[in-house]
file start_2.cif (mmCIF, N, CA and C atoms and all ligand atoms)
data_protein
#
loop_
_atom_site.label_atom_id
_atom_site.label_comp_id
_atom_site.auth_asym_id
_atom_site.auth_seq_id
_atom_site.Cartn_x
_atom_site.Cartn_y
_atom_site.Cartn_z
N MET A 1 -42.02 7.67 58.79
CA MET A 1 -43.14 7.87 57.88
C MET A 1 -42.61 8.09 56.46
N ASP A 2 -43.19 7.37 55.51
CA ASP A 2 -42.84 7.61 54.11
C ASP A 2 -43.56 8.88 53.64
N THR A 3 -42.93 9.57 52.73
CA THR A 3 -43.52 10.82 52.23
C THR A 3 -43.44 10.86 50.71
N ILE A 4 -44.35 11.62 50.16
CA ILE A 4 -44.28 12.00 48.74
C ILE A 4 -43.93 13.48 48.71
N TYR A 5 -43.05 13.86 47.80
CA TYR A 5 -42.83 15.30 47.65
C TYR A 5 -43.18 15.76 46.24
N LEU A 6 -43.75 16.95 46.23
CA LEU A 6 -44.06 17.64 44.98
C LEU A 6 -43.48 19.04 45.13
N HIS A 7 -42.40 19.29 44.45
CA HIS A 7 -41.73 20.59 44.60
C HIS A 7 -41.78 21.36 43.28
N GLY A 8 -41.96 22.67 43.42
CA GLY A 8 -41.98 23.52 42.22
C GLY A 8 -43.25 23.38 41.40
N VAL A 9 -44.36 23.12 42.08
CA VAL A 9 -45.65 23.01 41.39
C VAL A 9 -46.19 24.41 41.13
N ARG A 10 -46.41 24.73 39.88
CA ARG A 10 -47.01 26.03 39.54
C ARG A 10 -48.53 25.91 39.54
N ALA A 11 -49.18 26.90 40.16
CA ALA A 11 -50.65 26.95 40.16
C ALA A 11 -51.05 28.42 40.09
N GLN A 12 -52.32 28.64 39.83
CA GLN A 12 -52.83 30.01 39.74
C GLN A 12 -53.95 30.21 40.73
N THR A 13 -53.94 31.38 41.37
CA THR A 13 -55.03 31.71 42.28
C THR A 13 -55.11 33.23 42.43
N LEU A 14 -56.24 33.66 42.99
CA LEU A 14 -56.43 35.08 43.28
C LEU A 14 -55.93 35.30 44.70
N ILE A 15 -54.86 36.05 44.87
CA ILE A 15 -54.28 36.22 46.20
C ILE A 15 -53.63 37.59 46.33
N GLY A 16 -53.79 38.17 47.53
CA GLY A 16 -53.08 39.40 47.82
C GLY A 16 -53.81 40.23 48.86
N TRP A 17 -53.04 40.93 49.64
CA TRP A 17 -53.59 41.81 50.66
C TRP A 17 -54.15 43.08 50.06
N TYR A 18 -53.54 43.49 48.95
CA TYR A 18 -53.90 44.78 48.35
C TYR A 18 -54.87 44.58 47.17
N ASP A 19 -55.74 45.59 47.00
CA ASP A 19 -56.75 45.49 45.93
C ASP A 19 -56.12 45.23 44.56
N TRP A 20 -54.99 45.91 44.30
CA TRP A 20 -54.38 45.78 42.97
C TRP A 20 -53.92 44.35 42.67
N GLU A 21 -53.72 43.57 43.72
CA GLU A 21 -53.30 42.18 43.50
C GLU A 21 -54.48 41.28 43.17
N ARG A 22 -55.67 41.76 43.50
CA ARG A 22 -56.84 40.87 43.40
C ARG A 22 -57.67 41.13 42.14
N THR A 23 -57.04 41.73 41.13
CA THR A 23 -57.75 41.96 39.87
C THR A 23 -57.54 40.80 38.89
N ALA A 24 -56.48 40.03 39.11
CA ALA A 24 -56.21 38.89 38.22
C ALA A 24 -55.50 37.80 39.00
N GLN A 25 -55.69 36.58 38.56
CA GLN A 25 -55.01 35.47 39.22
C GLN A 25 -53.50 35.61 39.02
N GLN A 26 -52.74 35.18 40.00
CA GLN A 26 -51.29 35.19 39.82
C GLN A 26 -50.72 33.79 40.03
N ASP A 27 -49.52 33.59 39.47
CA ASP A 27 -48.84 32.31 39.63
C ASP A 27 -48.27 32.20 41.03
N VAL A 28 -48.46 31.05 41.63
CA VAL A 28 -47.78 30.73 42.88
C VAL A 28 -47.06 29.40 42.68
N GLU A 29 -46.03 29.20 43.48
CA GLU A 29 -45.30 27.94 43.43
C GLU A 29 -45.50 27.20 44.74
N LEU A 30 -45.78 25.91 44.64
CA LEU A 30 -46.06 25.09 45.82
C LEU A 30 -44.95 24.06 45.99
N ASP A 31 -44.52 23.89 47.22
CA ASP A 31 -43.62 22.79 47.59
C ASP A 31 -44.34 21.99 48.67
N LEU A 32 -44.62 20.74 48.36
CA LEU A 32 -45.44 19.92 49.25
C LEU A 32 -44.67 18.69 49.68
N ASP A 33 -44.68 18.43 50.98
CA ASP A 33 -44.17 17.17 51.52
C ASP A 33 -45.36 16.52 52.22
N ILE A 34 -45.73 15.37 51.73
CA ILE A 34 -47.01 14.75 52.09
C ILE A 34 -46.74 13.40 52.75
N GLY A 35 -47.09 13.29 54.02
CA GLY A 35 -46.92 12.01 54.71
C GLY A 35 -47.91 10.98 54.19
N LEU A 36 -47.45 9.75 54.09
CA LEU A 36 -48.33 8.68 53.61
C LEU A 36 -48.95 7.96 54.81
N PRO A 37 -50.23 7.60 54.70
CA PRO A 37 -50.91 6.92 55.79
C PRO A 37 -50.30 5.55 56.10
N SER A 38 -49.69 4.92 55.09
CA SER A 38 -49.04 3.63 55.31
C SER A 38 -47.94 3.47 54.27
N ASN A 39 -47.11 2.43 54.47
CA ASN A 39 -46.09 2.14 53.45
C ASN A 39 -46.49 0.93 52.60
N ARG A 40 -47.80 0.65 52.56
CA ARG A 40 -48.29 -0.53 51.85
C ARG A 40 -47.86 -0.59 50.38
N ALA A 41 -47.83 0.58 49.73
CA ALA A 41 -47.54 0.58 48.29
C ALA A 41 -46.13 0.08 47.99
N SER A 42 -45.23 0.21 48.96
CA SER A 42 -43.86 -0.29 48.74
C SER A 42 -43.86 -1.79 48.45
N ALA A 43 -44.75 -2.51 49.12
CA ALA A 43 -44.82 -3.96 48.93
C ALA A 43 -45.81 -4.35 47.83
N SER A 44 -46.95 -3.65 47.79
CA SER A 44 -48.01 -4.07 46.84
C SER A 44 -47.75 -3.57 45.43
N ASP A 45 -46.99 -2.48 45.31
CA ASP A 45 -46.72 -1.88 43.98
C ASP A 45 -48.02 -1.45 43.31
N ASP A 46 -48.99 -1.00 44.13
CA ASP A 46 -50.33 -0.68 43.63
C ASP A 46 -50.71 0.75 44.01
N LEU A 47 -51.15 1.53 43.03
CA LEU A 47 -51.49 2.94 43.25
C LEU A 47 -52.61 3.12 44.28
N VAL A 48 -53.49 2.14 44.41
CA VAL A 48 -54.60 2.29 45.38
C VAL A 48 -54.10 2.29 46.82
N ASP A 49 -52.85 1.87 47.05
CA ASP A 49 -52.31 1.80 48.41
C ASP A 49 -51.52 3.04 48.80
N THR A 50 -51.58 4.08 47.98
CA THR A 50 -50.82 5.28 48.30
C THR A 50 -51.64 6.52 47.91
N ILE A 51 -51.03 7.68 47.98
CA ILE A 51 -51.69 8.90 47.52
C ILE A 51 -51.20 9.18 46.10
N ASP A 52 -52.15 9.36 45.21
CA ASP A 52 -51.84 9.58 43.79
C ASP A 52 -51.40 11.04 43.61
N TYR A 53 -50.08 11.24 43.40
CA TYR A 53 -49.58 12.63 43.33
C TYR A 53 -50.10 13.38 42.11
N ASP A 54 -50.41 12.65 41.06
CA ASP A 54 -50.99 13.28 39.87
C ASP A 54 -52.37 13.85 40.21
N LEU A 55 -53.16 13.08 40.97
CA LEU A 55 -54.49 13.55 41.39
C LEU A 55 -54.37 14.73 42.36
N VAL A 56 -53.34 14.71 43.21
CA VAL A 56 -53.12 15.84 44.13
C VAL A 56 -52.91 17.12 43.34
N VAL A 57 -52.05 17.07 42.35
CA VAL A 57 -51.75 18.28 41.56
C VAL A 57 -53.00 18.76 40.82
N ARG A 58 -53.71 17.83 40.20
CA ARG A 58 -54.91 18.23 39.44
C ARG A 58 -55.97 18.82 40.36
N THR A 59 -56.15 18.21 41.53
CA THR A 59 -57.15 18.69 42.49
C THR A 59 -56.79 20.08 42.99
N LEU A 60 -55.53 20.27 43.38
CA LEU A 60 -55.14 21.57 43.93
C LEU A 60 -55.23 22.67 42.87
N ARG A 61 -54.75 22.38 41.67
CA ARG A 61 -54.83 23.41 40.61
C ARG A 61 -56.28 23.81 40.37
N ASP A 62 -57.15 22.83 40.34
CA ASP A 62 -58.57 23.10 40.09
C ASP A 62 -59.17 23.91 41.25
N GLU A 63 -58.91 23.48 42.47
CA GLU A 63 -59.46 24.18 43.65
C GLU A 63 -58.96 25.62 43.73
N LEU A 64 -57.66 25.80 43.50
CA LEU A 64 -57.08 27.14 43.71
C LEU A 64 -57.62 28.16 42.71
N THR A 65 -57.97 27.71 41.51
CA THR A 65 -58.53 28.68 40.56
C THR A 65 -59.93 29.15 40.97
N GLN A 66 -60.56 28.42 41.91
CA GLN A 66 -61.91 28.78 42.35
C GLN A 66 -61.93 29.53 43.67
N GLN A 67 -60.76 29.73 44.29
CA GLN A 67 -60.68 30.35 45.61
C GLN A 67 -60.04 31.72 45.53
N HIS A 68 -60.19 32.48 46.61
CA HIS A 68 -59.40 33.72 46.73
C HIS A 68 -58.93 33.86 48.15
N PHE A 69 -57.75 34.44 48.31
CA PHE A 69 -57.10 34.55 49.60
C PHE A 69 -56.48 35.93 49.74
N LEU A 70 -56.40 36.38 50.98
CA LEU A 70 -55.67 37.63 51.25
C LEU A 70 -54.19 37.34 51.50
N LEU A 71 -53.92 36.32 52.30
CA LEU A 71 -52.55 36.05 52.73
C LEU A 71 -52.06 34.68 52.26
N LEU A 72 -50.75 34.58 52.09
CA LEU A 72 -50.14 33.29 51.77
C LEU A 72 -50.41 32.27 52.87
N GLU A 73 -50.49 32.75 54.13
CA GLU A 73 -50.75 31.84 55.24
C GLU A 73 -52.10 31.12 55.06
N ALA A 74 -53.10 31.88 54.61
CA ALA A 74 -54.43 31.28 54.40
C ALA A 74 -54.43 30.32 53.22
N LEU A 75 -53.69 30.66 52.18
CA LEU A 75 -53.55 29.75 51.03
C LEU A 75 -52.89 28.44 51.47
N ALA A 76 -51.81 28.54 52.23
CA ALA A 76 -51.11 27.33 52.68
C ALA A 76 -52.02 26.47 53.55
N ASP A 77 -52.79 27.12 54.42
CA ASP A 77 -53.70 26.37 55.30
C ASP A 77 -54.79 25.67 54.49
N PHE A 78 -55.30 26.33 53.48
CA PHE A 78 -56.32 25.71 52.62
C PHE A 78 -55.77 24.45 51.97
N ILE A 79 -54.55 24.54 51.44
CA ILE A 79 -53.94 23.39 50.77
C ILE A 79 -53.74 22.24 51.77
N ALA A 80 -53.27 22.60 52.97
CA ALA A 80 -53.05 21.56 53.99
C ALA A 80 -54.37 20.86 54.33
N ARG A 81 -55.45 21.62 54.43
CA ARG A 81 -56.74 21.01 54.77
C ARG A 81 -57.23 20.08 53.66
N VAL A 82 -57.03 20.46 52.42
CA VAL A 82 -57.41 19.56 51.32
C VAL A 82 -56.65 18.24 51.43
N LEU A 83 -55.36 18.34 51.72
CA LEU A 83 -54.54 17.12 51.79
C LEU A 83 -54.92 16.25 52.99
N LEU A 84 -55.21 16.89 54.12
CA LEU A 84 -55.58 16.13 55.32
C LEU A 84 -56.97 15.51 55.17
N GLU A 85 -57.91 16.32 54.68
CA GLU A 85 -59.32 15.89 54.69
C GLU A 85 -59.69 15.04 53.48
N ARG A 86 -59.10 15.33 52.33
CA ARG A 86 -59.53 14.60 51.11
C ARG A 86 -58.56 13.51 50.68
N PHE A 87 -57.31 13.63 51.09
CA PHE A 87 -56.33 12.61 50.68
C PHE A 87 -55.85 11.75 51.85
N GLY A 88 -56.29 12.08 53.06
CA GLY A 88 -55.99 11.23 54.21
C GLY A 88 -54.55 11.24 54.66
N THR A 89 -53.82 12.29 54.30
CA THR A 89 -52.45 12.36 54.80
C THR A 89 -52.45 12.66 56.30
N PRO A 90 -51.59 12.00 57.08
CA PRO A 90 -51.54 12.30 58.51
C PRO A 90 -50.71 13.53 58.84
N TRP A 91 -49.85 13.92 57.93
CA TRP A 91 -48.94 15.06 58.17
C TRP A 91 -48.58 15.68 56.83
N VAL A 92 -48.49 17.00 56.83
CA VAL A 92 -48.10 17.68 55.60
C VAL A 92 -47.30 18.94 55.90
N ARG A 93 -46.31 19.19 55.05
CA ARG A 93 -45.61 20.48 55.07
C ARG A 93 -45.90 21.16 53.75
N VAL A 94 -46.40 22.40 53.84
CA VAL A 94 -46.80 23.15 52.65
C VAL A 94 -46.03 24.46 52.60
N SER A 95 -45.31 24.67 51.54
CA SER A 95 -44.68 25.97 51.29
C SER A 95 -45.34 26.59 50.07
N VAL A 96 -45.69 27.87 50.19
CA VAL A 96 -46.26 28.59 49.06
C VAL A 96 -45.41 29.83 48.81
N THR A 97 -45.14 30.07 47.54
CA THR A 97 -44.19 31.11 47.16
C THR A 97 -44.82 32.03 46.12
N LYS A 98 -44.63 33.34 46.33
CA LYS A 98 -44.95 34.31 45.28
C LYS A 98 -43.66 34.64 44.56
N LEU A 99 -43.76 34.78 43.28
CA LEU A 99 -42.56 35.01 42.46
C LEU A 99 -42.53 36.45 42.00
N GLY A 100 -41.45 37.14 42.33
CA GLY A 100 -41.25 38.49 41.80
C GLY A 100 -42.28 39.51 42.24
N ILE A 101 -42.89 39.33 43.40
CA ILE A 101 -43.92 40.27 43.84
C ILE A 101 -43.29 41.48 44.54
N LEU A 102 -42.12 41.28 45.14
CA LEU A 102 -41.43 42.38 45.82
C LEU A 102 -40.19 42.77 45.00
N GLN A 103 -39.94 44.05 44.97
CA GLN A 103 -38.79 44.53 44.21
C GLN A 103 -37.50 43.98 44.79
N ASP A 104 -36.66 43.47 43.93
CA ASP A 104 -35.34 42.93 44.32
C ASP A 104 -35.43 41.74 45.28
N VAL A 105 -36.57 41.07 45.29
CA VAL A 105 -36.72 39.83 46.05
C VAL A 105 -37.24 38.78 45.07
N ALA A 106 -36.45 37.74 44.85
CA ALA A 106 -36.84 36.75 43.83
C ALA A 106 -38.07 35.97 44.26
N ARG A 107 -38.09 35.56 45.52
CA ARG A 107 -39.17 34.68 45.97
C ARG A 107 -39.48 35.01 47.42
N VAL A 108 -40.76 35.02 47.74
CA VAL A 108 -41.17 35.20 49.13
C VAL A 108 -42.30 34.21 49.40
N GLY A 109 -42.29 33.65 50.60
CA GLY A 109 -43.32 32.64 50.85
C GLY A 109 -43.44 32.28 52.31
N VAL A 110 -44.32 31.33 52.58
CA VAL A 110 -44.51 30.83 53.94
C VAL A 110 -44.50 29.30 53.90
N THR A 111 -44.13 28.73 55.02
CA THR A 111 -44.18 27.27 55.20
C THR A 111 -44.98 26.96 56.45
N ILE A 112 -45.89 26.02 56.33
CA ILE A 112 -46.64 25.55 57.50
C ILE A 112 -46.57 24.03 57.57
N GLU A 113 -46.77 23.51 58.75
CA GLU A 113 -46.91 22.07 58.92
C GLU A 113 -48.21 21.80 59.65
N ARG A 114 -48.92 20.77 59.23
CA ARG A 114 -50.18 20.39 59.87
C ARG A 114 -50.21 18.87 60.05
N GLY A 115 -50.96 18.44 61.07
CA GLY A 115 -51.06 17.02 61.36
C GLY A 115 -49.89 16.56 62.21
N HIS A 116 -49.73 15.24 62.28
CA HIS A 116 -48.70 14.66 63.14
C HIS A 116 -47.80 13.75 62.33
N ARG A 117 -46.50 13.98 62.49
CA ARG A 117 -45.51 13.16 61.79
C ARG A 117 -45.10 12.01 62.71
N THR A 118 -45.25 10.80 62.23
CA THR A 118 -44.94 9.65 63.10
C THR A 118 -43.58 9.06 62.74
N1 LIG B 201 -46.91 37.42 56.18
C1 LIG B 201 -47.41 37.96 55.03
N2 LIG B 201 -47.09 39.22 54.72
C2 LIG B 201 -47.59 39.76 53.59
C3 LIG B 201 -48.40 39.03 52.74
C4 LIG B 201 -48.70 37.69 53.08
O1 LIG B 201 -49.42 36.96 52.37
N3 LIG B 201 -48.20 37.19 54.25
N4 LIG B 201 -48.86 39.60 51.57
C5 LIG B 201 -48.54 40.84 51.23
C6 LIG B 201 -48.95 41.39 49.93
O2 LIG B 201 -50.04 40.70 49.38
C7 LIG B 201 -47.69 41.30 49.05
O3 LIG B 201 -47.64 40.05 48.39
C8 LIG B 201 -47.52 42.40 48.09
O4 LIG B 201 -47.18 43.58 48.74
C9 LIG B 201 -47.74 41.72 52.08
N5 LIG B 201 -47.27 41.06 53.27
#

call {"tool": "encode", "arguments": {"input": "start_2.cif", "output": "structure tokens", "more": "lines below"}}
Ligand SMILES: Nc1nc2c(c(=O)[nH]1)N=C([C@H](O)[C@@H](O)CO)CN2
result
Amino acid sequence: MDTIYLHGVRAQTLIGWYDWERTAQQDVELDLDIGLPSNRASASDDLVDTIDYDLVVRTLRDELTQQHFLLLEALADFIARVLLERFGTPWVRVSVTKLGILQDVARVGVTIERGHRT
């Protein structure tokens, strides 16, 4: 399966288990590996035959500013569902990272996979 990757995508959302985290949106970093429904674009050289990664980034940034989550797991699942349901990806790996939220821990996050990799 051909894939598109988008790594180190910064986005903002309201997220956190604790009340103090949910007073303002915070930056999260996304690492996305997105399976393509076909490899048609390799031959056609046409954007309509693939997933437009620019549209993926714009869609996710827009959606995440309108949502709120308690856990990173729920945020990752939301992103996976957008990619599966709206972009037609058959398989996706989503990593979401909080930056500097824990003392002496640079990055903490979760990774999930959804769909089927062929
Ligand atoms: N498995 C998880 N553990 C924790 C999460 C999470 O999203 N998934 N979140 C928190 C707090 O929101 C944390 O970011 C700040 O203490 C704690 N544990």

call {"tool": "closest_residue", "arguments": {"input": "start_2.cif", "among": "A:Asp62, A:Asp19, A:Asp104, A:Glu113", "to": "A:Ala76", "atoms": "only N, CA and C atoms"}}
result
A:Glu113

call {"tool": "residues_near_ligand", "arguments": {"input": "start_2.cif", "ligand": "ligand LIG 201 (chain B)", "cutoff": "7 Å", "atoms": "only C-alpha atoms and all ligand atoms", "output": "list in words"}}
result
Ile15, Gly16, Trp17, Tyr18, Glu21, Leu70, Leu71, Leu72, Glu73, Ile101 and Leu102 of chain A

call {"tool": "atom_distance", "arguments": {"input": "start_2.cif", "atom1": "atom CA of A:Asp49", "atom2": "atom CA of A:Val82"}}
result
18.7 Å

call {"tool": "atom_distance", "arguments": {"input": "start_2.cif", "atom1": "atom C of A:Asp33", "atom2": "atom C of A:Thr89"}}
result
9.0 Å

call {"tool": "residues_around", "arguments": {"input": "start_2.cif", "residues": "A:Leu30", "least_positions_apart": "5", "cutoff": "6.5 Å", "atoms": "only N, CA and C atoms", "output": "list in words"}}
result
Leu6, His7, Gly8, Val9, Arg10, Ala11, Ser95, Val96 and Thr97 of chain A

call {"tool": "atom_distance", "arguments": {"input": "start_2.cif", "atom1": "atom CA of A:Arg86", "atom2": "atom C of A:Asp52"}}
result
11.6 Å

call {"tool": "residues_around", "arguments": {"input": "start_2.cif", "residues": "A:Arg93", "least_positions_apart": "5", "cutoff": "6.5 Å", "atoms": "all atoms listed in the file", "output": "PDB file with N, CA and C atoms, in the coordinates of the input"}}
result
ATOM      1  N   ASP A  31     -44.520  23.890  47.220  1.00  0.00           N
ATOM      2  CA  ASP A  31     -43.620  22.790  47.590  1.00  0.00           C
ATOM      3  C   ASP A  31     -44.340  21.990  48.670  1.00  0.00           C
ATOM      4  N   LEU A  32     -44.620  20.740  48.360  1.00  0.00           N
ATOM      5  CA  LEU A  32     -45.440  19.920  49.250  1.00  0.00           C
ATOM      6  C   LEU A  32     -44.670  18.690  49.680  1.00  0.00           C
ATOM      7  N   ASP A  33     -44.680  18.430  50.980  1.00  0.00           N
ATOM      8  CA  ASP A  33     -44.170  17.170  51.520  1.00  0.00           C
ATOM      9  C   ASP A  33     -45.360  16.520  52.220  1.00  0.00           C
ATOM     10  N   ILE A  34     -45.730  15.370  51.730  1.00  0.00           N
ATOM     11  CA  ILE A  34     -47.010  14.750  52.090  1.00  0.00           C
ATOM     12  C   ILE A  34     -46.740  13.400  52.750  1.00  0.00           C
ATOM     13  N   GLY A  35     -47.090  13.290  54.020  1.00  0.00           N
ATOM     14  CA  GLY A  35     -46.920  12.010  54.710  1.00  0.00           C
ATOM     15  C   GLY A  35     -47.910  10.980  54.190  1.00  0.00           C
ATOM     16  N   THR A 111     -44.130  28.730  55.020  1.00  0.00           N
ATOM     17  CA  THR A 111     -44.180  27.270  55.200  1.00  0.00           C
ATOM     18  C   THR A 111     -44.980  26.960  56.450  1.00  0.00           C
ATOM     19  N   ILE A 112     -45.890  26.020  56.330  1.00  0.00           N
ATOM     20  CA  ILE A 112     -46.640  25.550  57.500  1.00  0.00           C
ATOM     21  C   ILE A 112     -46.570  24.030  57.570  1.00  0.00           C
ATOM     22  N   GLU A 113     -46.770  23.510  58.750  1.00  0.00           N
ATOM     23  CA  GLU A 113     -46.910  22.070  58.920  1.00  0.00           C
ATOM     24  C   GLU A 113     -48.210  21.800  59.650  1.00  0.00           C
ATOM     25  N   ARG A 114     -48.920  20.770  59.230  1.00  0.00           N
ATOM     26  CA  ARG A 114     -50.180  20.390  59.870  1.00  0.00           C
ATOM     27  C   ARG A 114     -50.210  18.870  60.050  1.00  0.00           C
TER      28      ARG A 114
END

call {"tool": "select_by_dssp", "arguments": {"input": "start_2.cif", "residues": "chain A", "states": "helix (DSSP H, G or I)", "output": "CSV table (one decimal) with N, CA and C atoms, in the frame of the given file"}}
result
chain,number,residue,atom,x,y,z
A,19,ASP,N,-55.7,45.6,47.0
A,19,ASP,CA,-56.8,45.5,45.9
A,19,ASP,C,-56.1,45.2,44.6
A,20,TRP,N,-55.0,45.9,44.3
A,20,TRP,CA,-54.4,45.8,43.0
A,20,TRP,C,-53.9,44.4,42.7
A,21,GLU,N,-53.7,43.6,43.7
A,21,GLU,CA,-53.3,42.2,43.5
A,21,GLU,C,-54.5,41.3,43.2
A,22,ARG,N,-55.7,41.8,43.5
A,22,ARG,CA,-56.8,40.9,43.4
A,22,ARG,C,-57.7,41.1,42.1
A,23,THR,N,-57.0,41.7,41.1
A,23,THR,CA,-57.8,42.0,39.9
A,23,THR,C,-57.5,40.8,38.9
A,40,ARG,N,-47.8,0.6,52.6
A,40,ARG,CA,-48.3,-0.5,51.8
A,40,ARG,C,-47.9,-0.6,50.4
A,41,ALA,N,-47.8,0.6,49.7
A,41,ALA,CA,-47.5,0.6,48.3
A,41,ALA,C,-46.1,0.1,48.0
A,42,SER,N,-45.2,0.2,49.0
A,42,SER,CA,-43.9,-0.3,48.7
A,42,SER,C,-43.9,-1.8,48.4
A,43,ALA,N,-44.8,-2.5,49.1
A,43,ALA,CA,-44.8,-4.0,48.9
A,43,ALA,C,-45.8,-4.4,47.8
A,44,SER,N,-47.0,-3.6,47.8
A,44,SER,CA,-48.0,-4.1,46.8
A,44,SER,C,-47.8,-3.6,45.4
A,47,LEU,N,-51.2,1.5,43.0
A,47,LEU,CA,-51.5,2.9,43.2
A,47,LEU,C,-52.6,3.1,44.3
A,48,VAL,N,-53.5,2.1,44.4
A,48,VAL,CA,-54.6,2.3,45.4
A,48,VAL,C,-54.1,2.3,46.8
A,49,ASP,N,-52.8,1.9,47.0
A,49,ASP,CA,-52.3,1.8,48.4
A,49,ASP,C,-51.5,3.0,48.8
A,53,TYR,N,-50.1,11.2,43.4
A,53,TYR,CA,-49.6,12.6,43.3
A,53,TYR,C,-50.1,13.4,42.1
A,54,ASP,N,-50.4,12.6,41.1
A,54,ASP,CA,-51.0,13.3,39.9
A,54,ASP,C,-52.4,13.8,40.2
A,55,LEU,N,-53.2,13.1,41.0
A,55,LEU,CA,-54.5,13.6,41.4
A,55,LEU,C,-54.4,14.7,42.4
A,56,VAL,N,-53.3,14.7,43.2
A,56,VAL,CA,-53.1,15.8,44.1
A,56,VAL,C,-52.9,17.1,43.3
A,57,VAL,N,-52.0,17.1,42.4
A,57,VAL,CA,-51.8,18.3,41.6
A,57,VAL,C,-53.0,18.8,40.8
A,58,ARG,N,-53.7,17.8,40.2
A,58,ARG,CA,-54.9,18.2,39.4
A,58,ARG,C,-56.0,18.8,40.4
A,59,THR,N,-56.2,18.2,41.5
A,59,THR,CA,-57.2,18.7,42.5
A,59,THR,C,-56.8,20.1,43.0
A,60,LEU,N,-55.5,20.3,43.4
A,60,LEU,CA,-55.1,21.6,43.9
A,60,LEU,C,-55.2,22.7,42.9
A,61,ARG,N,-54.8,22.4,41.7
A,61,ARG,CA,-54.8,23.4,40.6
A,61,ARG,C,-56.3,23.8,40.4
A,62,ASP,N,-57.2,22.8,40.3
A,62,ASP,CA,-58.6,23.1,40.1
A,62,ASP,C,-59.2,23.9,41.2
A,63,GLU,N,-58.9,23.5,42.5
A,63,GLU,CA,-59.5,24.2,43.6
A,63,GLU,C,-59.0,25.6,43.7
A,64,LEU,N,-57.7,25.8,43.5
A,64,LEU,CA,-57.1,27.1,43.7
A,64,LEU,C,-57.6,28.2,42.7
A,65,THR,N,-58.0,27.7,41.5
A,65,THR,CA,-58.5,28.7,40.6
A,65,THR,C,-59.9,29.2,41.0
A,72,LEU,N,-50.8,34.6,52.1
A,72,LEU,CA,-50.1,33.3,51.8
A,72,LEU,C,-50.4,32.3,52.9
A,73,GLU,N,-50.5,32.8,54.1
A,73,GLU,CA,-50.8,31.8,55.2
A,73,GLU,C,-52.1,31.1,55.1
A,74,ALA,N,-53.1,31.9,54.6
A,74,ALA,CA,-54.4,31.3,54.4
A,74,ALA,C,-54.4,30.3,53.2
A,75,LEU,N,-53.7,30.7,52.2
A,75,LEU,CA,-53.6,29.8,51.0
A,75,LEU,C,-52.9,28.4,51.5
A,76,ALA,N,-51.8,28.5,52.2
A,76,ALA,CA,-51.1,27.3,52.7
A,76,ALA,C,-52.0,26.5,53.6
A,77,ASP,N,-52.8,27.1,54.4
A,77,ASP,CA,-53.7,26.4,55.3
A,77,ASP,C,-54.8,25.7,54.5
A,78,PHE,N,-55.3,26.3,53.5
A,78,PHE,CA,-56.3,25.7,52.6
A,78,PHE,C,-55.8,24.4,52.0
A,79,ILE,N,-54.6,24.5,51.4
A,79,ILE,CA,-53.9,23.4,50.8
A,79,ILE,C,-53.7,22.2,51.8
A,80,ALA,N,-53.3,22.6,53.0
A,80,ALA,CA,-53.0,21.6,54.0
A,80,ALA,C,-54.4,20.9,54.3
A,81,ARG,N,-55.4,21.6,54.4
A,81,ARG,CA,-56.7,21.0,54.8
A,81,ARG,C,-57.2,20.1,53.7
A,82,VAL,N,-57.0,20.5,52.4
A,82,VAL,CA,-57.4,19.6,51.3
A,82,VAL,C,-56.6,18.2,51.4
A,83,LEU,N,-55.4,18.3,51.7
A,83,LEU,CA,-54.5,17.1,51.8
A,83,LEU,C,-54.9,16.2,53.0
A,84,LEU,N,-55.2,16.9,54.1
A,84,LEU,CA,-55.6,16.1,55.3
A,84,LEU,C,-57.0,15.5,55.2
A,85,GLU,N,-57.9,16.3,54.7
A,85,GLU,CA,-59.3,15.9,54.7
A,85,GLU,C,-59.7,15.0,53.5
A,86,ARG,N,-59.1,15.3,52.3
A,86,ARG,CA,-59.5,14.6,51.1
A,86,ARG,C,-58.6,13.5,50.7

call {"tool": "closest_residue", "arguments": {"input": "start_2.cif", "among": "A:Gly88, A:Gly115, A:Gly100, A:Pro37", "to": "A:Asp2", "atoms": "only C-alpha atoms"}}
result
A:Pro37

call {"tool": "closest_residue", "arguments": {"input": "start_2.cif", "among": "A:Arg117, A:Gln12, A:Pro90, A:Asp45", "to": "A:Gln67", "atoms": "only C-alpha atoms"}}
result
A:Gln12

call {"tool": "select_by_dssp", "arguments": {"input": "start_2.cif", "residues": "chain A", "states": "strand (DSSP E)", "output": "NGL selection string"}}
result
:A and (3-15 or 26-35 or 68-69 or 91-102 or 105-115)

call {"tool": "closest_residue", "arguments": {"input": "start_2.cif", "among": "A:Glu29, A:Val48, A:Arg81, A:Trp91", "to": "A:Val108", "atoms": "only C-alpha atoms"}}
result
A:Glu29

call {"tool": "axis_aligned_box", "arguments": {"input": "start_2.cif", "around": "stretch 77-89 of chain A", "padding_each_side": "5 Å", "output": "JSON"}}
result
{"center_x": -56.1, "center_y": 19.2, "center_z": 53.5, "size_x": 17.2, "size_y": 25.9, "size_z": 15.6}

call {"tool": "closest_residue", "arguments": {"input": "start_2.cif", "among": "A:Trp20, A:Thr118, A:Thr13, A:Val94", "to": "A:Glu63", "atoms": "all atoms listed in the file"}}
result
A:Thr13
